[in-house]
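Written below as C-alpha coordinates is the structure these notes are about.
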Amino acid sequence: METGVADDLLRRSLVVYKFAVEELMTKLRILSEEFDLVHRHDPIEHITQRVKRPDAILDKLRRKGLPPDLALAAEHLDDVAGVRVVCPFVSDVYRVRDMLARQSDVEILKTKDYIAAPKPNGYRSLHLIVRIPVFLSDRVEHVKVEVQLRTIAMDFWATLEHKLFYKYDDQVPAGFVEELTSSAAIAAELDARMESLHQRIQHD
(Lines give C-alpha, C1' and ligand atoms only; values in the text may rest on other atoms or scores of the structure.)
Protein backbone atom coordinates (compact mmCIF):
# COMPACT_ATOMS: atom_id res chain seq x y z
CA MET A 1 0.00 0.00 0.00
CA GLU A 2 1.29 3.47 -0.89
CA THR A 3 2.31 5.53 2.11
CA GLY A 4 -0.10 8.34 1.16
CA VAL A 5 -3.08 5.96 0.95
CA ALA A 6 -2.12 4.28 4.22
CA ASP A 7 -1.71 7.68 5.83
CA ASP A 8 -5.22 8.70 4.74
CA LEU A 9 -6.72 5.47 6.07
CA LEU A 10 -4.96 5.98 9.35
CA ARG A 11 -6.31 9.51 9.68
CA ARG A 12 -9.87 8.31 9.21
CA SER A 13 -9.43 5.31 11.47
CA LEU A 14 -7.71 7.26 14.26
CA VAL A 15 -11.03 8.85 15.19
CA VAL A 16 -11.79 5.88 17.50
CA TYR A 17 -8.62 6.70 19.47
CA LYS A 18 -9.75 10.33 19.73
CA PHE A 19 -13.09 9.16 21.10
CA ALA A 20 -11.40 6.76 23.53
CA VAL A 21 -9.23 9.55 24.89
CA GLU A 22 -12.27 11.81 25.27
CA GLU A 23 -14.11 9.05 27.17
CA LEU A 24 -11.20 8.64 29.54
CA MET A 25 -10.75 12.39 29.98
CA THR A 26 -14.44 12.67 30.90
CA LYS A 27 -14.05 9.96 33.54
CA LEU A 28 -11.04 11.68 35.05
CA ARG A 29 -12.69 15.12 35.01
CA ILE A 30 -15.74 13.71 36.80
CA LEU A 31 -13.50 12.21 39.50
CA SER A 32 -11.60 15.47 39.85
CA GLU A 33 -14.77 17.56 40.10
CA GLU A 34 -16.28 15.16 42.63
CA PHE A 35 -13.22 15.52 44.85
CA ASP A 36 -13.33 19.30 44.46
CA LEU A 37 -16.97 19.38 45.57
CA VAL A 38 -17.11 16.62 48.18
CA HIS A 39 -13.64 16.00 49.58
CA ARG A 40 -10.91 18.15 51.06
CA HIS A 41 -8.29 17.14 48.52
CA ASP A 42 -8.34 16.64 44.73
CA PRO A 43 -5.84 13.93 43.68
CA ILE A 44 -5.71 15.26 40.11
CA GLU A 45 -3.70 18.42 39.43
CA HIS A 46 -4.14 18.46 35.65
CA ILE A 47 -4.64 16.14 32.67
CA THR A 48 -3.29 16.20 29.14
CA GLN A 49 -3.99 14.00 26.14
CA ARG A 50 -2.63 13.10 22.73
CA VAL A 51 -3.17 10.77 19.78
CA LYS A 52 -0.09 9.87 17.75
CA ARG A 53 0.20 11.43 14.31
CA PRO A 54 -0.26 9.00 11.40
CA ASP A 55 3.37 9.43 10.30
CA ALA A 56 4.57 8.59 13.83
CA ILE A 57 2.41 5.44 13.86
CA LEU A 58 3.68 4.37 10.44
CA ASP A 59 7.26 5.01 11.53
CA LYS A 60 6.85 2.93 14.69
CA LEU A 61 5.27 0.08 12.74
CA ARG A 62 8.19 0.15 10.31
CA ARG A 63 10.68 0.05 13.20
CA LYS A 64 8.90 -3.06 14.43
CA GLY A 65 9.12 -4.62 10.95
CA LEU A 66 5.36 -4.42 10.40
CA PRO A 67 3.36 -3.10 7.42
CA PRO A 68 1.43 0.19 7.77
CA ASP A 69 -1.88 -1.37 8.75
CA LEU A 70 -4.01 0.16 11.50
CA ALA A 71 -5.30 -3.27 12.52
CA LEU A 72 -1.69 -4.20 13.28
CA ALA A 73 -1.19 -0.90 15.08
CA ALA A 74 -4.15 -1.66 17.33
CA GLU A 75 -2.68 -5.07 18.10
CA HIS A 76 1.02 -4.24 18.44
CA LEU A 77 1.15 -0.61 19.64
CA ASP A 78 -0.04 0.35 23.10
CA ASP A 79 0.64 4.08 22.85
CA VAL A 80 -1.36 5.27 19.84
CA ALA A 81 -3.58 7.17 22.29
CA GLY A 82 -2.30 8.58 25.57
CA VAL A 83 -3.50 10.44 28.64
CA ARG A 84 -1.17 11.95 31.24
CA VAL A 85 -2.47 12.56 34.74
CA VAL A 86 -0.38 14.80 36.98
CA CYS A 87 -1.07 14.43 40.70
CA PRO A 88 0.05 16.48 43.72
CA PHE A 89 1.38 13.54 45.76
CA VAL A 90 2.65 9.99 45.19
CA SER A 91 -0.30 8.53 47.12
CA ASP A 92 -2.62 10.34 44.69
CA VAL A 93 -1.05 8.51 41.75
CA TYR A 94 -2.10 5.17 43.20
CA ARG A 95 -5.47 6.54 44.33
CA VAL A 96 -6.32 7.58 40.76
CA ARG A 97 -5.11 4.18 39.50
CA ASP A 98 -7.41 2.44 41.97
CA MET A 99 -10.39 4.63 41.06
CA LEU A 100 -9.94 3.80 37.38
CA ALA A 101 -9.59 0.09 38.17
CA ARG A 102 -12.94 0.13 39.99
CA GLN A 103 -14.81 1.37 36.91
CA SER A 104 -16.55 -1.56 35.26
CA ASP A 105 -15.83 -0.44 31.70
CA VAL A 106 -12.12 0.23 32.26
CA GLU A 107 -9.91 -2.84 31.82
CA ILE A 108 -6.30 -2.52 32.94
CA LEU A 109 -4.23 -4.67 30.59
CA LYS A 110 -0.69 -3.80 31.73
CA THR A 111 0.99 -1.94 34.56
CA LYS A 112 4.57 -0.66 34.65
CA ASP A 113 5.44 0.91 37.97
CA TYR A 114 8.49 3.11 37.42
CA ILE A 115 7.86 4.74 40.80
CA ALA A 116 8.53 1.54 42.73
CA ALA A 117 11.29 0.60 40.27
CA PRO A 118 12.63 3.74 38.50
CA LYS A 119 14.40 3.52 35.15
CA PRO A 120 18.23 3.73 35.28
CA ASN A 121 18.14 7.43 34.34
CA GLY A 122 15.84 8.14 37.29
CA TYR A 123 12.56 8.35 35.36
CA ARG A 124 9.61 7.76 37.66
CA SER A 125 5.97 7.36 36.63
CA LEU A 126 3.17 4.81 36.76
CA HIS A 127 2.18 3.55 33.31
CA LEU A 128 -1.10 1.77 32.63
CA ILE A 129 -2.43 0.32 29.41
CA VAL A 130 -6.20 0.39 29.68
CA ARG A 131 -8.91 -0.69 27.29
CA ILE A 132 -12.25 1.08 27.16
CA PRO A 133 -15.31 0.69 24.93
CA VAL A 134 -16.18 3.32 22.34
CA PHE A 135 -19.81 3.13 21.25
CA LEU A 136 -20.19 4.04 17.58
CA SER A 137 -23.36 4.11 15.49
CA ASP A 138 -22.92 0.58 14.15
CA ARG A 139 -20.47 -1.13 16.50
CA VAL A 140 -18.51 -1.04 19.74
CA GLU A 141 -14.73 -0.63 19.52
CA HIS A 142 -12.56 -1.65 22.47
CA VAL A 143 -9.64 0.75 22.34
CA LYS A 144 -6.31 0.75 24.17
CA VAL A 145 -5.08 3.95 25.79
CA GLU A 146 -1.78 4.49 27.59
CA VAL A 147 -2.22 6.31 30.90
CA GLN A 148 0.80 7.92 32.55
CA LEU A 149 0.33 8.97 36.16
CA ARG A 150 3.00 11.03 37.87
CA THR A 151 3.51 13.74 40.46
CA ILE A 152 4.20 17.39 39.72
CA ALA A 153 7.89 16.83 40.55
CA MET A 154 8.12 13.75 38.30
CA ASP A 155 6.42 15.64 35.46
CA PHE A 156 8.76 18.61 35.83
CA TRP A 157 11.81 16.35 35.65
CA ALA A 158 10.49 14.25 32.75
CA THR A 159 9.53 17.34 30.71
CA LEU A 160 13.00 18.88 31.02
CA GLU A 161 14.71 15.53 30.41
CA HIS A 162 12.72 15.17 27.18
CA LYS A 163 13.66 18.70 26.06
CA LEU A 164 17.35 18.04 26.69
CA PHE A 165 17.34 14.78 24.75
CA TYR A 166 15.43 16.41 21.89
CA LYS A 167 17.94 19.28 21.74
CA TYR A 168 20.89 16.87 21.62
CA ASP A 169 19.18 14.39 19.27
CA ASP A 170 19.30 11.66 21.97
CA GLN A 171 23.09 12.13 22.34
CA VAL A 172 23.17 13.97 25.67
CA PRO A 173 26.72 14.42 27.03
CA ALA A 174 27.70 11.99 29.79
CA GLY A 175 27.84 14.71 32.41
CA PHE A 176 24.24 15.62 31.62
CA VAL A 177 23.13 12.02 32.18
CA GLU A 178 24.72 12.02 35.62
CA GLU A 179 23.11 15.36 36.46
CA LEU A 180 19.72 14.14 35.27
CA THR A 181 19.97 11.02 37.39
CA SER A 182 20.99 13.08 40.40
CA SER A 183 18.16 15.54 39.77
CA ALA A 184 15.68 12.67 39.59
CA ALA A 185 16.82 11.57 43.05
CA ILE A 186 16.28 15.11 44.34
CA ALA A 187 12.79 15.18 42.84
CA ALA A 188 12.05 11.82 44.50
CA GLU A 189 13.24 13.18 47.84
CA LEU A 190 11.01 16.23 47.40
CA ASP A 191 8.05 13.95 46.67
CA ALA A 192 8.78 11.93 49.82
CA ARG A 193 8.96 15.05 51.99
CA MET A 194 5.81 16.57 50.56
CA GLU A 195 4.00 13.23 50.94
CA SER A 196 5.02 13.15 54.61
CA LEU A 197 3.68 16.68 55.13
CA HIS A 198 0.49 15.78 53.31
CA GLN A 199 -0.09 12.73 55.51
CA ARG A 200 0.51 14.80 58.66
CA ILE A 201 -2.04 17.40 57.55
CA GLN A 202 -4.55 14.69 56.62
CA HIS A 203 -4.35 13.18 60.10
CA ASP A 204 -4.53 16.46 62.04
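Order determines the names: the first chain of the C-alpha coordinates is A, the second B, and so forth; residues in each chain are numbered 1 upward, and ligands are numbered 1 upward as they are shown.
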(Q) Show me, as an NGL selection string, the residues that have an atom within 9 Å of Asp92 (chain A) when counting only C-alpha atoms, minus same-chain residues fewer than 6 positions from it. (A) :A and (42-44 or 150-151)
Emit the selected residues as a PDB file, in the first residue's frame, including all heavy atoms.
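Below is the file part.pdb, written as the result:
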ATOM      1  N   ASP A  42      -8.184  17.162  46.089  1.00  0.00           N
ATOM      2  CA  ASP A  42      -8.338  16.642  44.733  1.00  0.00           C
ATOM      3  C   ASP A  42      -7.034  15.947  44.329  1.00  0.00           C
ATOM      4  O   ASP A  42      -5.981  16.597  44.270  1.00  0.00           O
ATOM      5  CB  ASP A  42      -8.649  17.788  43.773  1.00  0.00           C
ATOM      6  CG  ASP A  42      -8.940  17.309  42.353  1.00  0.00           C
ATOM      7  OD1 ASP A  42      -8.764  16.110  42.077  1.00  0.00           O
ATOM      8  OD2 ASP A  42      -9.350  18.152  41.521  1.00  0.00           O
ATOM      9  N   PRO A  43      -7.070  14.636  44.037  1.00  0.00           N
ATOM     10  CA  PRO A  43      -5.838  13.931  43.679  1.00  0.00           C
ATOM     11  C   PRO A  43      -5.352  14.188  42.259  1.00  0.00           C
ATOM     12  O   PRO A  43      -4.316  13.658  41.864  1.00  0.00           O
ATOM     13  CB  PRO A  43      -6.237  12.454  43.855  1.00  0.00           C
ATOM     14  CG  PRO A  43      -7.690  12.436  43.547  1.00  0.00           C
ATOM     15  CD  PRO A  43      -8.233  13.738  44.063  1.00  0.00           C
ATOM     16  N   ILE A  44      -6.092  14.979  41.489  1.00  0.00           N
ATOM     17  CA  ILE A  44      -5.707  15.264  40.107  1.00  0.00           C
ATOM     18  C   ILE A  44      -5.376  16.743  39.976  1.00  0.00           C
ATOM     19  O   ILE A  44      -6.223  17.605  40.191  1.00  0.00           O
ATOM     20  CB  ILE A  44      -6.823  14.876  39.120  1.00  0.00           C
ATOM     21  CG1 ILE A  44      -7.094  13.371  39.183  1.00  0.00           C
ATOM     22  CG2 ILE A  44      -6.456  15.302  37.699  1.00  0.00           C
ATOM     23  CD1 ILE A  44      -8.279  12.914  38.352  1.00  0.00           C
ATOM     24  N   ARG A 150       1.766  10.590  37.222  1.00  0.00           N
ATOM     25  CA  ARG A 150       3.001  11.034  37.868  1.00  0.00           C
ATOM     26  C   ARG A 150       2.718  12.250  38.736  1.00  0.00           C
ATOM     27  O   ARG A 150       1.670  12.890  38.599  1.00  0.00           O
ATOM     28  CB  ARG A 150       4.069  11.370  36.819  1.00  0.00           C
ATOM     29  CG  ARG A 150       3.619  12.405  35.815  1.00  0.00           C
ATOM     30  CD  ARG A 150       4.692  12.776  34.794  1.00  0.00           C
ATOM     31  NE  ARG A 150       5.077  11.706  33.912  1.00  0.00           N
ATOM     32  CZ  ARG A 150       5.618  11.902  32.715  1.00  0.00           C
ATOM     33  NH1 ARG A 150       5.811  13.140  32.260  1.00  0.00           N
ATOM     34  NH2 ARG A 150       5.970  10.893  31.962  1.00  0.00           N
ATOM     35  N   THR A 151       3.651  12.550  39.617  1.00  0.00           N
ATOM     36  CA  THR A 151       3.506  13.740  40.457  1.00  0.00           C
ATOM     37  C   THR A 151       3.988  14.975  39.699  1.00  0.00           C
ATOM     38  O   THR A 151       4.589  14.882  38.622  1.00  0.00           O
ATOM     39  CB  THR A 151       4.320  13.607  41.751  1.00  0.00           C
ATOM     40  OG1 THR A 151       5.719  13.565  41.406  1.00  0.00           O
ATOM     41  CG2 THR A 151       3.944  12.355  42.530  1.00  0.00           C
TER      42      THR A 151
END
**Q.** Nearby residues (only C-alpha atoms) at most 12 Å from Val21 (chain A), same-chain spacing under 5 positions excluded, as a VMD selection string
**A.** chain A and resid 14 to 16 26 to 28 47 to 52 79 to 84 130 to 134 142 to 147
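Of the residues listed (A:Leu31, A:Ala184, A:Gln148, A:Ala116), A:Leu31 shows the shortest atom-to-atom separation from Gln103 (chain A); distances use only C-alpha atoms.
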Q. With only C-alpha atoms as the basis for distance, which of A:Lys60, A:Arg29, A:Lys18, A:Lys163 is at the shortest distance from Leu100 (chain A)?
A. A:Arg29
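Here CA of Ser183 (chain A) stands at a distance of 7.6 Å from CA of Trp157 (chain A).
The protein and nucleic acid residues lying at most 12 Å from Phe156 (chain A) are Val86, Cys87, Pro88, Tyr123, Arg124, Ser125, Arg150, Thr151, Glu161, His162, Lys163, Leu180, Ser183, Ala184, Ile186, Ala187, Ala188 and Asp191 of chain A, with only C-alpha atoms considered and sequence neighbours fewer than 5 positions away removed.
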Q: Just list the residues in region 50-136 of chain A DSSP gives strand (DSSP E or B) on the backbone, as a PyMOL selection string.
A: chain A and resi 50-51+81-87+107-113+126-135
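Counting only C-alpha atoms and comparing A:Ile152, A:Ala73, A:Leu128, A:Met99, the residue that lies closest to Asp59 (chain A) is A:Ala73.
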**Q.** DSSP-assigned alpha helix (DSSP H) members of region 30-204 of chain A, reported as JSON, numbers by chain
**A.** {"A": [30, 31, 32, 33, 34, 35, 36, 37, 38, 54, 55, 56, 57, 58, 59, 60, 61, 62, 63, 70, 71, 72, 73, 74, 75, 76, 90, 91, 92, 93, 94, 95, 96, 97, 98, 99, 100, 101, 152, 153, 154, 155, 156, 157, 158, 159, 160, 161, 162, 163, 164, 165, 166, 167, 174, 175, 176, 177, 178, 179, 180, 181, 182, 183, 184, 185, 186, 187, 188, 189, 190, 191, 192, 193, 194, 195, 196, 197, 198, 199, 200, 201, 202, 203]}
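If you measure from each of A:Phe89, A:Phe176, A:Phe19, A:Phe165 to Leu136 (chain A) using only C-alpha atoms, the closest one turns out to be A:Phe19.
In terms of minimum interatomic distance to Val177 (chain A), A:Pro120 ranks closest within A:Leu190, A:Leu149, A:Pro120, A:Met154, counting only C-alpha atoms.
Using only C-alpha atoms for every distance, the candidate list A:Val90, A:Lys112, A:Val106, A:His41 yields A:Val106 as the residue closest to Leu24 (chain A).
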